[in-house]
Amino acid sequence: MGPLPDPEAAPLAGPRSGVQGVPMGEADAGKTASPEFFARSRLEEVRATLGPVVHLDLSAHQTSHSHNLLGQEVAGQVSAYIRRRVLPLGQDRLESELLSARRGEAECRHRLAYGRLPAAVREGLEAYLSSVDAWSEGARLGDLVRQTMTHLKVDRTPVRPQDLAFLLQAESSGCQTGMLRDRDGGVLLWHTEEDHDSAAGSRFDRLRLVTCAASPDSPSRRMTAFIYPDLLPGPAFGWSGRSYVHAVDAFYLKQGAGVGGVPANAVTWICLYLGGLLAPS
């Protein structure tokens, strides 16, 4: 695929867009604006609202601490997303989703305790679990649980912040990511987002790239990702150094199998964290 952009080698640019406003001047008087004009106007409105891409370079910190700082950065939007999209599910559906999330966490911990995992994957899974806990604390999910979920039960026990964090991370479908190889051998990456509900609000408050420390054994030791505020790095797209990039917009899982499984985004996070350390199989 060719060399990839590296935060150490070049600054991260803002969103690439060929969209330009179309002024309606005197020459347009009496004309009806085309659908393309309204589409471009809408894109310009969204772009103006979200602003330029923000790059959070947290790579100087340990991986779990960088996720705590990331949680602090997105706490407001995460709270808004949960209140608008998660709480309206209703008690029965929400308790079912929280139970599934708790089982996903339990499966991760079971794999650590009893699974025959390659050393690198084991270290990655341990780092992931620590990072989810740290992100949950930074995003103040405990406060949200105390404010809105004291009436809910998961296996006849109170909801924990980790249950809510794993519920968010269990999302397995997204929109579209594009890749384009440039003439200089680099790779351009972009994401086309469709998750916008005018009544419930946008999935995004800002556009963010985050760089964190990756596995000490990975070729780059740093990972960079485009993030959804309510998700850890891994979904959508990310890269590690100049030799590894991935894009994950749909992770199809067998439903109704009756057994617990590792959350989809645990897999995407660990792949990015290892940054090509292991060959895919």
# chains A, B, ... in the order shown; residues from 1 in each chain; ligands from 1
>>> residues_around(residues="A:Ile227", least_positions_apart="6", cutoff="9 Å", atoms="only C-alpha atoms", output="JSON list (two decimals) with C-alpha atoms, in the first residue's frame")
[["chain", "number", "residue", "atom", "x", "y", "z"],
["A", 207, "LEU", "CA", -13.45, 15.58, 14.59],
["A", 208, "ARG", "CA", -10.55, 13.98, 16.44],
["A", 209, "LEU", "CA", -7.43, 12.00, 15.68],
["A", 210, "VAL", "CA", -5.66, 10.56, 18.71],
["A", 233, "PRO", "CA", -9.54, 3.75, 18.92],
["A", 234, "GLY", "CA", -9.90, 0.84, 16.53],
["A", 235, "PRO", "CA", -13.12, 1.22, 14.51],
["A", 236, "ALA", "CA", -13.26, 3.51, 11.44],
["A", 237, "PHE", "CA", -9.56, 3.85, 10.52],
["A", 238, "GLY", "CA", -6.15, 4.04, 12.11]]
>>> residues_around(residues="A:Gln91", least_positions_apart="4", cutoff="10 Å", atoms="only C-alpha atoms", output="short mmCIF file (atom, residue, chain, number, x, y, z; two decimals) with all heavy atoms, in the first residue's frame")
data_model
loop_
_atom_site.label_atom_id
_atom_site.label_comp_id
_atom_site.auth_asym_id
_atom_site.auth_seq_id
_atom_site.Cartn_x
_atom_site.Cartn_y
_atom_site.Cartn_z
N LEU A 87 -30.25 5.67 26.73
CA LEU A 87 -31.30 5.63 27.74
C LEU A 87 -32.70 5.47 27.16
O LEU A 87 -33.55 4.79 27.76
CB LEU A 87 -31.24 6.90 28.61
CG LEU A 87 -30.00 7.04 29.50
CD1 LEU A 87 -30.05 8.35 30.28
CD2 LEU A 87 -29.87 5.85 30.45
N GLU A 95 -31.39 -3.30 29.96
CA GLU A 95 -30.84 -4.32 30.85
C GLU A 95 -30.29 -5.50 30.06
O GLU A 95 -29.25 -6.08 30.42
CB GLU A 95 -31.91 -4.78 31.84
CG GLU A 95 -32.21 -3.75 32.92
CD GLU A 95 -33.23 -4.23 33.94
OE1 GLU A 95 -34.02 -5.15 33.60
OE2 GLU A 95 -33.26 -3.68 35.05
N SER A 96 -30.98 -5.87 28.98
CA SER A 96 -30.49 -6.95 28.12
C SER A 96 -29.16 -6.59 27.47
O SER A 96 -28.23 -7.40 27.42
CB SER A 96 -31.54 -7.28 27.06
OG SER A 96 -31.06 -8.25 26.15
N GLU A 97 -29.05 -5.36 26.97
CA GLU A 97 -27.82 -4.91 26.33
C GLU A 97 -26.67 -4.83 27.34
O GLU A 97 -25.52 -5.18 27.04
CB GLU A 97 -28.03 -3.55 25.68
CG GLU A 97 -29.02 -3.53 24.53
CD GLU A 97 -28.49 -4.22 23.29
OE1 GLU A 97 -27.26 -4.43 23.19
OE2 GLU A 97 -29.30 -4.56 22.41
N MET A 149 -29.09 5.30 36.21
CA MET A 149 -29.25 3.85 36.07
C MET A 149 -29.36 3.11 37.39
O MET A 149 -29.19 1.89 37.43
CB MET A 149 -28.09 3.27 35.25
CG MET A 149 -28.02 3.80 33.84
SD MET A 149 -26.76 2.97 32.84
CE MET A 149 -27.01 3.79 31.27
N HIS A 151 -31.89 2.32 38.96
CA HIS A 151 -33.06 1.44 38.96
C HIS A 151 -32.85 0.19 38.12
O HIS A 151 -33.70 -0.71 38.13
CB HIS A 151 -34.28 2.20 38.43
CG HIS A 151 -34.14 2.63 37.00
ND1 HIS A 151 -33.20 3.57 36.58
CD2 HIS A 151 -34.82 2.23 35.87
CE1 HIS A 151 -33.32 3.74 35.28
NE2 HIS A 151 -34.28 2.94 34.84
N LEU A 152 -31.75 0.13 37.40
CA LEU A 152 -31.49 -1.01 36.52
C LEU A 152 -30.69 -2.09 37.24
O LEU A 152 -29.90 -1.79 38.15
CB LEU A 152 -30.74 -0.56 35.27
CG LEU A 152 -31.42 0.49 34.39
CD1 LEU A 152 -30.51 0.90 33.25
CD2 LEU A 152 -32.75 -0.03 33.86
N LYS A 153 -30.86 -3.34 36.80
CA LYS A 153 -30.11 -4.46 37.36
C LYS A 153 -29.52 -5.30 36.22
O LYS A 153 -30.16 -5.49 35.18
CB LYS A 153 -31.01 -5.34 38.22
CG LYS A 153 -31.62 -4.64 39.44
CD LYS A 153 -30.54 -4.26 40.45
CE LYS A 153 -31.16 -3.59 41.67
NZ LYS A 153 -30.13 -3.17 42.65
#
>>> select_by_dssp(residues="stretch 65-281 of chain A", states="helix (DSSP H, G or I)", output="number ranges by chain")
A: 65-89, 91-114, 119-138, 141-148, 161-169, 264-274
>>> atom_distance(atom1="atom CA of A:Ala75", atom2="atom CA of A:Pro229")
8.2 Å
>>> atom_distance(atom1="atom CA of A:Gly186", atom2="atom CA of A:Val245")
11.6 Å
>>> atom_distance(atom1="atom CA of A:Pro52", atom2="atom CA of A:Val267")
29.2 Å
